[in-house]
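In what follows, a structure is listed as structure tokens, so that the remarks can point back to it.
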Amino acid sequence: MMDELRQTFRQHFGTAPEIYVRAPGRVNLIGEHTDYNDGFVFPIAIDRQIEIMATRRSDRKVVIFSPDFDATESFMLDDIRHVDDSWCNYPKGVAYFLQKGGHELTGGNAVITGNIPLGAGLSSSAAVEVASALMFTTLADVVMDKSSLALLCQRAENQFVGVHCGIMDQFISLMGKKDHALLLDCRSLEYDRVPIPMEDMRVVVCNTRVKRKLTGSEYNERRAECERGVEMLKEWLPDIHALRDVDSQQFKKYEAELPPLTQKRCRYVIDENERVLASVAALRARDYERFGELMFASHRGLRDDYEVSCLELDLMVEIASGVDGVLGARMTGAGFGGCTVNLVRESSVSAIEAEIQKRYPQETGIQPEVYICQIADGASVSST
Ligand code: GLA
């Protein structure tokens with residue numbers, strides 16, 4: 001992989017690359033749509049990643065070649081503009097906010113490639129942001145801690161690309177650890193790495209191949225609904241800042257006062273936050289069945305209360321739930337298409353794969369993809 005990339009770089013730019021950067025995609029085990037509510041998430045970094053090889057240039061130009069799209073994009077560091085629907089908005093947004101933060105960047109030549117399926121909810125965009133941020137900071141000798149880098153990448157996505165995402169994807173891409181999931185408090189950014197017993201279990205990701213539709217607008221709408229809920233709940237709970245500050249007991253007292261839709265959205269988020277903490281406790285107690293039940297409960301909440309699932313995701317979860325040895329299954333990521341994540345006993349991996357490959361196309365006419373994931377380390381940079 002690295003040799004191929006080095007060769008592509010040489011062919012395209014006529015020189016050897018100086019640095020190599022990789023940033024993984026992610027799968028969230030539980031804790032969906034909780035990050036922008038200051039809550040908890042529990043993602044893993046996966047063995048699918050974005051890779052960049054790059055060199056410094058002496059001028060202020062950035063040239064990025066993508067062999068996957070067979071396209072070259074370039075821009076000047078002093079004149080960074082958003083172009084609708086361009087993948088280059090991610091590196092551009094990162095460069096823009098690094099400079100806005102007072103960091104002096106240098107131009108560069110880069111080749112970018114990856115094997116994270118696009119639009120599948122596995123955070124290819126966060127991985128591009130993180131890889132770009134590591135490239136720009138390394139080329140310009142800028143030193144930044146990983147939390148600040150994650151926040152900067154999130155800002156690029158929020159304000160340059162225009163999706164009001166939370167911090168989860170960028171954070172796990174930077175901070176993931178092999179064979180561990182990361183319990184992240186999205187308010188304080190404190191985290192704890194929890195080992196996943198990969199000797200007995202596998203993380204199986206099933207891709208509906210339904211490209212996420214309307215993600216941007218529906219996503220931003222959900223976020224706004226949560227904020228509306230907080231504003232209303234403040235009438236009785238004046239000290240709250242986010243749904244993270246409300247527990248399910250408190251919520252029961254006031255939920256009837258909220259409009260039905262706001263009620264459903266808030267209920268899901270409040271329950272999901274509690275499920276994350278319960279599922280981590282179950283994992284630590286080696287109670288994998290309980291962990292799996294919480295994953296199924298999370299899916300039901302996303303389907304019925306938060307309404308970000310779709311028929312294809314529901315079908316995949318239903319198929320998985322009928323296979324012996326599948327501990328839990330749920331949609332992962334923003335929703336409206338994309339992937340499910342399944343926690344599966346080692347001995348049942350081929351059974352779930354066979355069942356999904358058989359029934360899903362029968363009922364949808366779509367050929368699914370099934371990935372058996374390794375849990376990978378977070379992003380890294382090295383010289384080539
Ligand atoms: C997307 C966003 C994340 C998070 C998830 C839903 O992946 O980028 O910040 O909100 O959706 O959990």
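Chain labels A, B, ... are given in the sequence in which chains occur in the structure tokens; within each chain residues are numbered consecutively from 1, and ligands are likewise numbered from 1 in the order shown.
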Practice item. Extract, using only C-alpha atoms, all DNA, RNA and protein residues at most 8 Å from stretch 104-111 of chain A, discarding same-chain residues fewer than 6 positions from it, and format them as a PyMOL selection string. Key: chain A and resi 5+8-9+13+52-67+76-77+95+98+136-137+139-140+142
Restrict the calculation to only C-alpha atoms and all ligand atoms, then for each residue of chain A with any atom at most 9 Å from an atom of ligand 1 give the closest atom pair and their distance in Å to one decimal, rows by chain and rising residue number, as a tab-separated table.
residue	atom	partner	partner_atom_place_in_ligand_line	distance
A:Arg26	CA	ligand 1	7 (O)	8.9
A:Asn28	CA	ligand 1	12 (O)	7.5
A:Ile30	CA	ligand 1	12 (O)	8.5
A:Gly31	CA	ligand 1	12 (O)	6.4
A:Glu32	CA	ligand 1	12 (O)	3.5
A:His33	CA	ligand 1	12 (O)	3.5
A:Thr34	CA	ligand 1	12 (O)	6.0
A:Asp35	CA	ligand 1	10 (O)	5.5
A:Tyr36	CA	ligand 1	10 (O)	6.1
A:Asn37	CA	ligand 1	10 (O)	8.9
A:Val41	CA	ligand 1	12 (O)	7.8
A:Gly121	CA	ligand 1	7 (O)	6.3
A:Leu122	CA	ligand 1	7 (O)	7.5
A:Ser123	CA	ligand 1	7 (O)	6.2
A:Ser125	CA	ligand 1	8 (O)	8.6
A:Ala126	CA	ligand 1	8 (O)	7.5
A:Gln154	CA	ligand 1	9 (O)	8.3
A:Glu157	CA	ligand 1	8 (O)	8.7
A:Val163	CA	ligand 1	8 (O)	7.9
A:His164	CA	ligand 1	8 (O)	7.8
A:Cys165	CA	ligand 1	9 (O)	4.1
A:Gly166	CA	ligand 1	9 (O)	3.3
A:Ile167	CA	ligand 1	9 (O)	5.2
A:Met168	CA	ligand 1	9 (O)	5.0
A:Asp169	CA	ligand 1	8 (O)	5.7
A:Gln170	CA	ligand 1	8 (O)	8.1
A:Thr215	CA	ligand 1	1 (C)	9.0
A:Tyr219	CA	ligand 1	11 (O)	7.7
A:Arg223	CA	ligand 1	10 (O)	8.8
A:Thr332	CA	ligand 1	12 (O)	7.3
A:Gly333	CA	ligand 1	7 (O)	4.5
A:Ala334	CA	ligand 1	11 (O)	3.5
A:Gly335	CA	ligand 1	11 (O)	7.3
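You can rank A:Gly365, A:Arg155, A:Thr113, A:Met198 by their closest distance to A:Lys100 using only C-alpha atoms, and at the top of that list sits A:Arg155.
Each of A:Val326, A:Met175, A:Cys310, A:Ala224 was checked against A:Glu346 using only C-alpha atoms; the smallest atom-to-atom distance is that of A:Val326.
The list of residues with at least one atom within 6 Å of A:Glu129, based on only C-alpha atoms and without residues fewer than 3 positions apart in the same chain, reads A:Tyr90, A:Pro91, A:Ala126, A:Ser132, A:Cys153.
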Selection file, all heavy atoms, as a PDB file, in the first residue's frame:
ATOM      1  N   TYR A  90     -12.535  19.778   2.598  1.00  0.00           N
ATOM      2  CA  TYR A  90     -12.037  19.298   3.897  1.00  0.00           C
ATOM      3  C   TYR A  90     -10.615  19.781   4.155  1.00  0.00           C
ATOM      4  O   TYR A  90     -10.376  20.447   5.167  1.00  0.00           O
ATOM      5  CB  TYR A  90     -12.173  17.770   3.994  1.00  0.00           C
ATOM      6  CG  TYR A  90     -13.613  17.305   3.855  1.00  0.00           C
ATOM      7  CD1 TYR A  90     -14.058  16.655   2.721  1.00  0.00           C
ATOM      8  CD2 TYR A  90     -14.531  17.549   4.871  1.00  0.00           C
ATOM      9  CE1 TYR A  90     -15.376  16.246   2.595  1.00  0.00           C
ATOM     10  CE2 TYR A  90     -15.856  17.140   4.746  1.00  0.00           C
ATOM     11  CZ  TYR A  90     -16.270  16.485   3.605  1.00  0.00           C
ATOM     12  OH  TYR A  90     -17.575  16.089   3.480  1.00  0.00           O
ATOM     13  N   PRO A  91      -9.653  19.485   3.255  1.00  0.00           N
ATOM     14  CA  PRO A  91      -8.316  20.047   3.486  1.00  0.00           C
ATOM     15  C   PRO A  91      -8.313  21.580   3.506  1.00  0.00           C
ATOM     16  O   PRO A  91      -7.620  22.190   4.328  1.00  0.00           O
ATOM     17  CB  PRO A  91      -7.467  19.503   2.338  1.00  0.00           C
ATOM     18  CG  PRO A  91      -8.353  18.716   1.458  1.00  0.00           C
ATOM     19  CD  PRO A  91      -9.664  18.519   2.141  1.00  0.00           C
ATOM     20  N   ALA A 126     -14.209  12.904   8.320  1.00  0.00           N
ATOM     21  CA  ALA A 126     -13.391  13.249   9.491  1.00  0.00           C
ATOM     22  C   ALA A 126     -11.960  12.753   9.286  1.00  0.00           C
ATOM     23  O   ALA A 126     -10.996  13.436   9.636  1.00  0.00           O
ATOM     24  CB  ALA A 126     -13.984  12.639  10.759  1.00  0.00           C
ATOM     25  N   SER A 132      -5.434  15.656   6.798  1.00  0.00           N
ATOM     26  CA  SER A 132      -4.990  16.954   6.272  1.00  0.00           C
ATOM     27  C   SER A 132      -4.368  17.795   7.376  1.00  0.00           C
ATOM     28  O   SER A 132      -3.343  18.454   7.167  1.00  0.00           O
ATOM     29  CB  SER A 132      -6.156  17.749   5.682  1.00  0.00           C
ATOM     30  OG  SER A 132      -6.868  16.987   4.757  1.00  0.00           O
ATOM     31  N   CYS A 153     -10.518  20.382  13.494  1.00  0.00           N
ATOM     32  CA  CYS A 153     -11.119  19.652  12.357  1.00  0.00           C
ATOM     33  C   CYS A 153     -12.641  19.738  12.428  1.00  0.00           C
ATOM     34  O   CYS A 153     -13.322  19.891  11.406  1.00  0.00           O
ATOM     35  CB  CYS A 153     -10.679  18.184  12.382  1.00  0.00           C
ATOM     36  SG  CYS A 153      -8.938  17.954  12.015  1.00  0.00           S
TER      37      CYS A 153
END
Point to revise | Filtered DSSP result for stretch 185-267 of chain A, state alpha helix (DSSP H), as a count of residues only | key: 34
Exercise for review: Give the strand (DSSP E) residues of stretch 292-357 of chain A, as DSSP finds them on the backbone, and put them as a list in words.
Suggested key: Val326, Leu327, Gly328, Ala329, Arg330, Met331, Thr332, Cys339, Thr340, Val341, Asn342, Leu343, Val344 and Arg345 of chain A
For all heavy atoms, I'd like the residues from the last selection saved as an mmCIF file, in the first residue's frame.
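Ended up saving to again.cif:
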data_model
loop_
_atom_site.group_PDB
_atom_site.id
_atom_site.type_symbol
_atom_site.label_atom_id
_atom_site.label_comp_id
_atom_site.auth_asym_id
_atom_site.auth_seq_id
_atom_site.Cartn_x
_atom_site.Cartn_y
_atom_site.Cartn_z
ATOM 1 N N VAL A 326 -25.061 -13.466 17.660
ATOM 2 C CA VAL A 326 -25.005 -12.007 17.470
ATOM 3 C C VAL A 326 -25.459 -11.392 18.788
ATOM 4 O O VAL A 326 -26.601 -11.573 19.210
ATOM 5 C CB VAL A 326 -25.907 -11.540 16.301
ATOM 6 C CG1 VAL A 326 -26.002 -10.015 16.273
ATOM 7 C CG2 VAL A 326 -25.362 -12.058 14.980
ATOM 8 N N LEU A 327 -24.547 -10.696 19.440
ATOM 9 C CA LEU A 327 -24.861 -10.158 20.767
ATOM 10 C C LEU A 327 -25.687 -8.882 20.657
ATOM 11 O O LEU A 327 -26.618 -8.658 21.419
ATOM 12 C CB LEU A 327 -23.564 -9.887 21.523
ATOM 13 C CG LEU A 327 -22.732 -11.149 21.783
ATOM 14 C CD1 LEU A 327 -21.271 -10.813 22.001
ATOM 15 C CD2 LEU A 327 -23.296 -11.890 22.991
ATOM 16 N N GLY A 328 -25.337 -8.049 19.697
ATOM 17 C CA GLY A 328 -26.065 -6.790 19.536
ATOM 18 C C GLY A 328 -25.879 -6.257 18.132
ATOM 19 O O GLY A 328 -24.907 -6.593 17.451
ATOM 20 N N ALA A 329 -26.842 -5.428 17.701
ATOM 21 C CA ALA A 329 -26.752 -4.812 16.370
ATOM 22 C C ALA A 329 -27.492 -3.483 16.410
ATOM 23 O O ALA A 329 -28.512 -3.354 17.094
ATOM 24 C CB ALA A 329 -27.372 -5.719 15.310
ATOM 25 N N ARG A 330 -26.967 -2.523 15.682
ATOM 26 C CA ARG A 330 -27.631 -1.213 15.610
ATOM 27 C C ARG A 330 -27.074 -0.431 14.428
ATOM 28 O O ARG A 330 -26.010 -0.768 13.919
ATOM 29 C CB ARG A 330 -27.413 -0.411 16.898
ATOM 30 C CG ARG A 330 -25.949 -0.268 17.294
ATOM 31 C CD ARG A 330 -25.800 0.450 18.618
ATOM 32 N NE ARG A 330 -26.067 1.846 18.459
ATOM 33 C CZ ARG A 330 -25.224 2.726 17.931
ATOM 34 N NH1 ARG A 330 -24.031 2.378 17.535
ATOM 35 N NH2 ARG A 330 -25.572 3.978 17.796
ATOM 36 N N MET A 331 -27.808 0.594 13.999
ATOM 37 C CA MET A 331 -27.238 1.485 13.000
ATOM 38 C C MET A 331 -26.114 2.265 13.663
ATOM 39 O O MET A 331 -26.098 2.459 14.875
ATOM 40 C CB MET A 331 -28.281 2.434 12.411
ATOM 41 C CG MET A 331 -29.053 3.263 13.415
ATOM 42 S SD MET A 331 -29.652 4.854 12.739
ATOM 43 C CE MET A 331 -28.227 5.928 13.059
ATOM 44 N N THR A 332 -25.148 2.705 12.860
ATOM 45 C CA THR A 332 -24.036 3.469 13.436
ATOM 46 C C THR A 332 -23.813 4.727 12.605
ATOM 47 O O THR A 332 -24.049 4.710 11.395
ATOM 48 C CB THR A 332 -22.759 2.606 13.507
ATOM 49 O OG1 THR A 332 -21.748 3.318 14.194
ATOM 50 C CG2 THR A 332 -22.254 2.172 12.148
ATOM 51 N N CYS A 339 -24.288 2.252 7.523
ATOM 52 C CA CYS A 339 -23.949 0.921 8.039
ATOM 53 C C CYS A 339 -24.614 0.581 9.368
ATOM 54 O O CYS A 339 -24.985 1.468 10.135
ATOM 55 C CB CYS A 339 -22.442 0.842 8.268
ATOM 56 S SG CYS A 339 -21.489 0.953 6.761
ATOM 57 N N THR A 340 -24.659 -0.738 9.632
ATOM 58 C CA THR A 340 -24.970 -1.204 10.984
ATOM 59 C C THR A 340 -23.674 -1.739 11.588
ATOM 60 O O THR A 340 -22.768 -2.153 10.875
ATOM 61 C CB THR A 340 -26.005 -2.339 10.996
ATOM 62 O OG1 THR A 340 -25.464 -3.478 10.306
ATOM 63 C CG2 THR A 340 -27.311 -1.922 10.361
ATOM 64 N N VAL A 341 -23.621 -1.726 12.925
ATOM 65 C CA VAL A 341 -22.495 -2.348 13.630
ATOM 66 C C VAL A 341 -23.053 -3.513 14.436
ATOM 67 O O VAL A 341 -24.113 -3.393 15.055
ATOM 68 C CB VAL A 341 -21.746 -1.316 14.506
ATOM 69 C CG1 VAL A 341 -22.645 -0.598 15.486
ATOM 70 C CG2 VAL A 341 -20.609 -2.007 15.292
ATOM 71 N N ASN A 342 -22.351 -4.625 14.378
ATOM 72 C CA ASN A 342 -22.810 -5.842 15.048
ATOM 73 C C ASN A 342 -21.688 -6.365 15.931
ATOM 74 O O ASN A 342 -20.538 -6.476 15.482
ATOM 75 C CB ASN A 342 -23.123 -6.923 14.009
ATOM 76 C CG ASN A 342 -24.148 -6.445 12.994
ATOM 77 O OD1 ASN A 342 -25.340 -6.710 13.131
ATOM 78 N ND2 ASN A 342 -23.707 -5.724 11.976
ATOM 79 N N LEU A 343 -22.024 -6.695 17.146
ATOM 80 C CA LEU A 343 -21.059 -7.336 18.030
ATOM 81 C C LEU A 343 -21.380 -8.829 18.004
ATOM 82 O O LEU A 343 -22.492 -9.235 18.359
ATOM 83 C CB LEU A 343 -21.211 -6.762 19.443
ATOM 84 C CG LEU A 343 -20.047 -7.038 20.362
ATOM 85 C CD1 LEU A 343 -18.786 -6.356 19.848
ATOM 86 C CD2 LEU A 343 -20.360 -6.510 21.765
ATOM 87 N N VAL A 344 -20.407 -9.611 17.533
ATOM 88 C CA VAL A 344 -20.697 -11.000 17.171
ATOM 89 C C VAL A 344 -19.673 -11.931 17.814
ATOM 90 O O VAL A 344 -18.475 -11.624 17.819
ATOM 91 C CB VAL A 344 -20.605 -11.154 15.626
ATOM 92 C CG1 VAL A 344 -20.973 -12.563 15.196
ATOM 93 C CG2 VAL A 344 -21.523 -10.150 14.932
ATOM 94 N N ARG A 345 -20.148 -13.065 18.340
ATOM 95 C CA ARG A 345 -19.194 -14.063 18.835
ATOM 96 C C ARG A 345 -18.380 -14.558 17.654
ATOM 97 O O ARG A 345 -18.925 -14.751 16.558
ATOM 98 C CB ARG A 345 -19.931 -15.222 19.489
ATOM 99 C CG ARG A 345 -20.537 -14.822 20.815
ATOM 100 C CD ARG A 345 -20.660 -15.998 21.760
ATOM 101 N NE ARG A 345 -21.443 -15.622 22.920
ATOM 102 C CZ ARG A 345 -20.940 -14.964 23.977
ATOM 103 N NH1 ARG A 345 -19.664 -14.656 24.031
ATOM 104 N NH2 ARG A 345 -21.718 -14.637 24.990
#
